[in-house]
Amino acid sequence: MKNEDLVGVWRERGREIVRADGSVTADVPRASQIMYTADGYMAVVNAPTGRKKVRETMPRMDLDATTVEERAEAAIGVVAYAGRFDVSGDEVRHILFTAINPNRVGDTQRRHITLGGDDLTLTAPPDAQGNHFRIHWRRAAKMP
């Protein structure tokens, strides 16, 4: 597989947690989008659906016009990062330039790729307990 195979915009169709014993559990519903560019950049925003709206003192894209408590609640479960990507074989590496979690800046996230037409599955490596998650994506242009 090559970088070009992933280029485009993808929207999440669902995600699962696969336990070490092989059991599979659906994760919470999310609104997610991942983008890969032809020149090797990527970005993803992933948020649980149904988050409570915040009160704002003025309309803004960030949460700075809300209370500390509202900011904390709005950020629960949100994953957002951007950087470069590189495909090698059936693996993609996301090299993080920025992230909502500052501890992840500079990290490399590895995902196993399964690609079939307009459907993409990215599977994380197992954690220390042998569990992993997989996210199912479809090309955004093919989503309703």
# chains A, B, ... in the order shown; residues from 1 in each chain; ligands from 1

call {"tool": "select_by_dssp", "arguments": {"residues": "stretch 42-129 of chain A", "states": "strand (DSSP E)", "output": "ChimeraX atom specification"}}
result
/A:42-48,79-88,91-99,108-116,119-123

call {"tool": "write_last_selection", "arguments": {"atoms": "N, CA and C atoms", "output": "short mmCIF file (atom, residue, chain, number, x, y, z; two decimals), in the first residue's frame"}}
result
data_model
loop_
_atom_site.label_atom_id
_atom_site.label_comp_id
_atom_site.auth_asym_id
_atom_site.auth_seq_id
_atom_site.Cartn_x
_atom_site.Cartn_y
_atom_site.Cartn_z
N MET A 42 -1.86 14.94 7.59
CA MET A 42 -3.11 14.33 8.04
C MET A 42 -3.65 15.11 9.23
N ALA A 43 -4.96 14.95 9.45
CA ALA A 43 -5.61 15.55 10.62
C ALA A 43 -6.85 14.73 10.93
N VAL A 44 -7.15 14.62 12.22
CA VAL A 44 -8.35 13.91 12.65
C VAL A 44 -9.00 14.67 13.80
N VAL A 45 -10.32 14.72 13.77
CA VAL A 45 -11.12 15.22 14.89
C VAL A 45 -12.17 14.16 15.15
N ASN A 46 -12.30 13.78 16.41
CA ASN A 46 -13.13 12.66 16.78
C ASN A 46 -13.80 13.03 18.10
N ALA A 47 -15.13 13.11 18.10
CA ALA A 47 -15.84 13.53 19.30
C ALA A 47 -17.08 12.66 19.52
N PRO A 48 -17.38 12.35 20.77
CA PRO A 48 -18.62 11.61 21.04
C PRO A 48 -19.83 12.42 20.56
N VAL A 79 -10.81 13.42 20.67
CA VAL A 79 -9.48 13.15 20.15
C VAL A 79 -9.28 14.08 18.96
N ALA A 80 -8.20 14.82 18.96
CA ALA A 80 -7.89 15.70 17.84
C ALA A 80 -6.38 15.80 17.72
N TYR A 81 -5.88 15.52 16.53
CA TYR A 81 -4.45 15.69 16.31
C TYR A 81 -4.19 15.86 14.82
N ALA A 82 -3.00 16.36 14.52
CA ALA A 82 -2.61 16.60 13.13
C ALA A 82 -1.10 16.46 13.02
N GLY A 83 -0.67 16.16 11.83
CA GLY A 83 0.76 16.03 11.58
C GLY A 83 1.02 15.45 10.20
N ARG A 84 2.02 14.61 10.12
CA ARG A 84 2.39 13.95 8.87
C ARG A 84 1.93 12.49 8.93
N PHE A 85 1.88 11.85 7.77
CA PHE A 85 1.60 10.41 7.75
C PHE A 85 2.48 9.74 6.73
N ASP A 86 2.68 8.44 6.95
CA ASP A 86 3.51 7.65 6.06
C ASP A 86 2.95 6.23 6.05
N VAL A 87 2.75 5.69 4.86
CA VAL A 87 2.26 4.32 4.71
C VAL A 87 3.42 3.43 4.31
N SER A 88 3.52 2.30 5.00
CA SER A 88 4.53 1.29 4.67
C SER A 88 3.86 -0.07 4.80
N GLU A 91 0.61 -0.71 7.07
CA GLU A 91 0.62 0.12 8.27
C GLU A 91 0.73 1.59 7.90
N VAL A 92 -0.02 2.43 8.61
CA VAL A 92 0.13 3.88 8.49
C VAL A 92 0.68 4.39 9.81
N ARG A 93 1.61 5.34 9.69
CA ARG A 93 2.16 6.00 10.87
C ARG A 93 1.68 7.45 10.84
N HIS A 94 1.08 7.90 11.94
CA HIS A 94 0.69 9.30 12.13
C HIS A 94 1.76 9.91 13.03
N ILE A 95 2.50 10.89 12.51
CA ILE A 95 3.56 11.55 13.27
C ILE A 95 2.99 12.88 13.75
N LEU A 96 2.73 13.02 15.06
CA LEU A 96 1.94 14.13 15.58
C LEU A 96 2.74 15.41 15.74
N PHE A 97 2.23 16.46 15.11
CA PHE A 97 2.77 17.81 15.24
C PHE A 97 2.04 18.57 16.34
N THR A 98 0.72 18.35 16.44
CA THR A 98 -0.09 18.99 17.46
C THR A 98 -1.20 18.03 17.86
N ALA A 99 -1.71 18.19 19.09
CA ALA A 99 -2.76 17.30 19.58
C ALA A 99 -3.49 17.97 20.74
N THR A 108 4.37 9.02 17.57
CA THR A 108 3.98 8.36 16.32
C THR A 108 2.93 7.33 16.67
N GLN A 109 1.77 7.45 16.05
CA GLN A 109 0.67 6.50 16.24
C GLN A 109 0.67 5.55 15.05
N ARG A 110 0.73 4.26 15.31
CA ARG A 110 0.74 3.24 14.25
C ARG A 110 -0.63 2.57 14.18
N ARG A 111 -1.10 2.38 12.94
CA ARG A 111 -2.38 1.71 12.72
C ARG A 111 -2.24 0.72 11.56
N HIS A 112 -2.82 -0.46 11.74
CA HIS A 112 -2.90 -1.45 10.67
C HIS A 112 -4.01 -1.01 9.72
N ILE A 113 -3.77 -1.10 8.43
CA ILE A 113 -4.72 -0.66 7.41
C ILE A 113 -5.40 -1.86 6.78
N THR A 114 -6.73 -1.79 6.69
CA THR A 114 -7.51 -2.69 5.85
C THR A 114 -8.33 -1.79 4.93
N LEU A 115 -8.10 -1.89 3.63
CA LEU A 115 -8.74 -1.00 2.66
C LEU A 115 -9.47 -1.84 1.63
N GLY A 116 -10.74 -1.53 1.45
CA GLY A 116 -11.55 -2.21 0.44
C GLY A 116 -12.45 -1.21 -0.24
N ASP A 119 -14.07 1.82 1.72
CA ASP A 119 -14.08 1.52 3.15
C ASP A 119 -12.67 1.28 3.66
N LEU A 120 -12.39 1.87 4.81
CA LEU A 120 -11.07 1.80 5.43
C LEU A 120 -11.26 1.41 6.89
N THR A 121 -10.45 0.48 7.37
CA THR A 121 -10.43 0.16 8.80
C THR A 121 -9.01 0.39 9.30
N LEU A 122 -8.90 1.15 10.38
CA LEU A 122 -7.62 1.37 11.03
C LEU A 122 -7.66 0.67 12.39
N THR A 123 -6.68 -0.18 12.63
CA THR A 123 -6.64 -0.98 13.86
C THR A 123 -5.38 -0.63 14.63
#

call {"tool": "closest_atom_pairs", "arguments": {"of": "stretch 61-133 of chain A", "to": "stretch 3-26 of chain A", "cutoff": "6 Å", "atoms": "only C-alpha atoms", "output": "CSV"}}
result
residue,atom,partner,partner_atom,distance
A:Val87,CA,A:Asn3,CA,5.1
A:Gly130,CA,A:Ala20,CA,4.7
A:Asn131,CA,A:Arg19,CA,4.4
A:His132,CA,A:Val18,CA,5.3
A:Phe133,CA,A:Ile17,CA,4.4

call {"tool": "select_by_dssp", "arguments": {"residues": "chain A", "states": "alpha helix (DSSP H)", "output": "PyMOL selection string"}}
result
chain A and resi 68-75

call {"tool": "residues_around", "arguments": {"residues": "A:Thr67", "least_positions_apart": "6", "cutoff": "10 Å", "atoms": "only C-alpha atoms", "output": "list of chain:residue names"}}
result
A:Val54, A:Arg55, A:Glu56, A:Thr57, A:Glu73

call {"tool": "write_last_selection", "arguments": {"atoms": "N, CA and C atoms", "output": "PDB file, in the first residue's frame"}}
result
ATOM      1  N   VAL A  54     -22.447  24.179  25.213  1.00  0.00           N
ATOM      2  CA  VAL A  54     -21.906  25.050  26.257  1.00  0.00           C
ATOM      3  C   VAL A  54     -22.538  26.436  26.157  1.00  0.00           C
ATOM      4  N   ARG A  55     -22.511  27.160  27.280  1.00  0.00           N
ATOM      5  CA  ARG A  55     -22.940  28.562  27.263  1.00  0.00           C
ATOM      6  C   ARG A  55     -21.714  29.388  26.897  1.00  0.00           C
ATOM      7  N   GLU A  56     -21.883  30.305  25.965  1.00  0.00           N
ATOM      8  CA  GLU A  56     -20.763  31.142  25.538  1.00  0.00           C
ATOM      9  C   GLU A  56     -21.057  32.598  25.863  1.00  0.00           C
ATOM     10  N   THR A  57     -20.016  33.338  26.188  1.00  0.00           N
ATOM     11  CA  THR A  57     -20.186  34.777  26.376  1.00  0.00           C
ATOM     12  C   THR A  57     -20.095  35.484  25.028  1.00  0.00           C
ATOM     13  N   GLU A  73     -15.877  19.414  30.576  1.00  0.00           N
ATOM     14  CA  GLU A  73     -16.917  18.477  30.147  1.00  0.00           C
ATOM     15  C   GLU A  73     -16.955  18.354  28.624  1.00  0.00           C
TER      16      GLU A  73
END

call {"tool": "atom_distance", "arguments": {"atom1": "atom CA of A:Ile100", "atom2": "atom CA of A:Leu63"}}
result
12.5 Å

call {"tool": "decode", "arguments": {"residues": "stretch 18-111 of chain A", "atoms": "C-alpha atoms", "output": "PDB file, in the first residue's frame"}}
result
ATOM      1  CA  VAL A  18     -11.528  -6.002  20.599  1.00  0.00           C
ATOM      2  CA  ARG A  19     -10.590  -7.704  23.861  1.00  0.00           C
ATOM      3  CA  ALA A  20      -7.682 -10.110  24.228  1.00  0.00           C
ATOM      4  CA  ASP A  21     -10.177 -12.983  24.490  1.00  0.00           C
ATOM      5  CA  GLY A  22     -11.594 -12.070  21.058  1.00  0.00           C
ATOM      6  CA  SER A  23     -14.839 -10.523  22.294  1.00  0.00           C
ATOM      7  CA  VAL A  24     -15.901  -7.355  20.501  1.00  0.00           C
ATOM      8  CA  THR A  25     -17.718  -4.378  22.050  1.00  0.00           C
ATOM      9  CA  ALA A  26     -19.024  -1.367  20.133  1.00  0.00           C
ATOM     10  CA  ASP A  27     -17.634   1.932  21.401  1.00  0.00           C
ATOM     11  CA  VAL A  28     -19.744   5.049  22.009  1.00  0.00           C
ATOM     12  CA  PRO A  29     -21.148   6.688  18.843  1.00  0.00           C
ATOM     13  CA  ARG A  30     -18.869   9.398  17.479  1.00  0.00           C
ATOM     14  CA  ALA A  31     -18.737  12.121  14.870  1.00  0.00           C
ATOM     15  CA  SER A  32     -15.273  11.753  13.350  1.00  0.00           C
ATOM     16  CA  GLN A  33     -13.401  12.808  10.268  1.00  0.00           C
ATOM     17  CA  ILE A  34      -9.853  12.030   9.167  1.00  0.00           C
ATOM     18  CA  MET A  35      -8.086  13.648   6.222  1.00  0.00           C
ATOM     19  CA  TYR A  36      -4.967  12.600   4.353  1.00  0.00           C
ATOM     20  CA  THR A  37      -3.361  14.956   1.813  1.00  0.00           C
ATOM     21  CA  ALA A  38      -1.315  14.116  -1.266  1.00  0.00           C
ATOM     22  CA  ASP A  39       1.727  15.876   0.205  1.00  0.00           C
ATOM     23  CA  GLY A  40       1.786  13.701   3.351  1.00  0.00           C
ATOM     24  CA  TYR A  41      -0.226  15.618   5.946  1.00  0.00           C
ATOM     25  CA  MET A  42      -3.106  14.328   8.041  1.00  0.00           C
ATOM     26  CA  ALA A  43      -5.607  15.545  10.622  1.00  0.00           C
ATOM     27  CA  VAL A  44      -8.354  13.915  12.645  1.00  0.00           C
ATOM     28  CA  VAL A  45     -11.123  15.221  14.890  1.00  0.00           C
ATOM     29  CA  ASN A  46     -13.127  12.658  16.780  1.00  0.00           C
ATOM     30  CA  ALA A  47     -15.842  13.529  19.302  1.00  0.00           C
ATOM     31  CA  PRO A  48     -18.617  11.608  21.043  1.00  0.00           C
ATOM     32  CA  THR A  49     -22.026  12.440  19.585  1.00  0.00           C
ATOM     33  CA  GLY A  50     -24.605  14.067  21.836  1.00  0.00           C
ATOM     34  CA  ARG A  51     -22.197  16.296  23.755  1.00  0.00           C
ATOM     35  CA  LYS A  52     -23.984  18.963  25.806  1.00  0.00           C
ATOM     36  CA  LYS A  53     -23.861  22.452  24.296  1.00  0.00           C
ATOM     37  CA  VAL A  54     -21.906  25.050  26.257  1.00  0.00           C
ATOM     38  CA  ARG A  55     -22.940  28.562  27.263  1.00  0.00           C
ATOM     39  CA  GLU A  56     -20.763  31.142  25.538  1.00  0.00           C
ATOM     40  CA  THR A  57     -20.186  34.777  26.376  1.00  0.00           C
ATOM     41  CA  MET A  58     -19.453  35.297  22.646  1.00  0.00           C
ATOM     42  CA  PRO A  59     -19.485  32.979  19.598  1.00  0.00           C
ATOM     43  CA  ARG A  60     -16.050  31.372  19.121  1.00  0.00           C
ATOM     44  CA  MET A  61     -14.544  28.199  17.645  1.00  0.00           C
ATOM     45  CA  ASP A  62     -12.560  27.493  20.810  1.00  0.00           C
ATOM     46  CA  LEU A  63     -13.992  27.044  24.300  1.00  0.00           C
ATOM     47  CA  ASP A  64     -12.270  30.051  25.894  1.00  0.00           C
ATOM     48  CA  ALA A  65     -15.582  31.914  26.330  1.00  0.00           C
ATOM     49  CA  THR A  66     -16.989  29.169  28.589  1.00  0.00           C
ATOM     50  CA  THR A  67     -16.465  28.212  32.210  1.00  0.00           C
ATOM     51  CA  VAL A  68     -13.632  25.924  33.297  1.00  0.00           C
ATOM     52  CA  GLU A  69     -16.195  23.224  34.144  1.00  0.00           C
ATOM     53  CA  GLU A  70     -17.868  23.466  30.716  1.00  0.00           C
ATOM     54  CA  ARG A  71     -14.493  23.296  28.967  1.00  0.00           C
ATOM     55  CA  ALA A  72     -13.574  20.160  30.859  1.00  0.00           C
ATOM     56  CA  GLU A  73     -16.917  18.477  30.147  1.00  0.00           C
ATOM     57  CA  ALA A  74     -16.864  19.432  26.451  1.00  0.00           C
ATOM     58  CA  ALA A  75     -13.386  17.930  26.027  1.00  0.00           C
ATOM     59  CA  ILE A  76     -14.204  14.521  27.536  1.00  0.00           C
ATOM     60  CA  GLY A  77     -13.675  11.830  24.926  1.00  0.00           C
ATOM     61  CA  VAL A  78     -12.464  14.225  22.219  1.00  0.00           C
ATOM     62  CA  VAL A  79      -9.477  13.148  20.150  1.00  0.00           C
ATOM     63  CA  ALA A  80      -7.893  15.703  17.837  1.00  0.00           C
ATOM     64  CA  TYR A  81      -4.455  15.691  16.309  1.00  0.00           C
ATOM     65  CA  ALA A  82      -2.611  16.601  13.133  1.00  0.00           C
ATOM     66  CA  GLY A  83       0.763  16.031  11.577  1.00  0.00           C
ATOM     67  CA  ARG A  84       2.389  13.951   8.868  1.00  0.00           C
ATOM     68  CA  PHE A  85       1.601  10.413   7.751  1.00  0.00           C
ATOM     69  CA  ASP A  86       3.509   7.649   6.065  1.00  0.00           C
ATOM     70  CA  VAL A  87       2.261   4.324   4.705  1.00  0.00           C
ATOM     71  CA  SER A  88       4.533   1.291   4.674  1.00  0.00           C
ATOM     72  CA  GLY A  89       3.038  -2.053   3.709  1.00  0.00           C
ATOM     73  CA  ASP A  90      -0.246  -2.437   5.578  1.00  0.00           C
ATOM     74  CA  GLU A  91       0.619   0.121   8.269  1.00  0.00           C
ATOM     75  CA  VAL A  92       0.125   3.877   8.486  1.00  0.00           C
ATOM     76  CA  ARG A  93       2.157   6.005  10.873  1.00  0.00           C
ATOM     77  CA  HIS A  94       0.695   9.298  12.132  1.00  0.00           C
ATOM     78  CA  ILE A  95       3.558  11.553  13.272  1.00  0.00           C
ATOM     79  CA  LEU A  96       1.940  14.132  15.577  1.00  0.00           C
ATOM     80  CA  PHE A  97       2.768  17.814  15.236  1.00  0.00           C
ATOM     81  CA  THR A  98      -0.093  18.992  17.460  1.00  0.00           C
ATOM     82  CA  ALA A  99      -2.759  17.304  19.583  1.00  0.00           C
ATOM     83  CA  ILE A 100      -5.495  18.127  22.073  1.00  0.00           C
ATOM     84  CA  ASN A 101      -3.466  16.054  24.542  1.00  0.00           C
ATOM     85  CA  PRO A 102      -0.131  17.884  24.781  1.00  0.00           C
ATOM     86  CA  ASN A 103       1.566  14.691  26.006  1.00  0.00           C
ATOM     87  CA  ARG A 104       1.100  13.149  22.543  1.00  0.00           C
ATOM     88  CA  VAL A 105       2.877  15.902  20.570  1.00  0.00           C
ATOM     89  CA  GLY A 106       5.864  14.313  18.839  1.00  0.00           C
ATOM     90  CA  ASP A 107       4.449  10.781  19.185  1.00  0.00           C
ATOM     91  CA  THR A 108       3.984   8.361  16.323  1.00  0.00           C
ATOM     92  CA  GLN A 109       0.670   6.504  16.242  1.00  0.00           C
ATOM     93  CA  ARG A 110       0.736   3.245  14.251  1.00  0.00           C
ATOM     94  CA  ARG A 111      -2.380   1.713  12.718  1.00  0.00           C
TER      95      ARG A 111
END
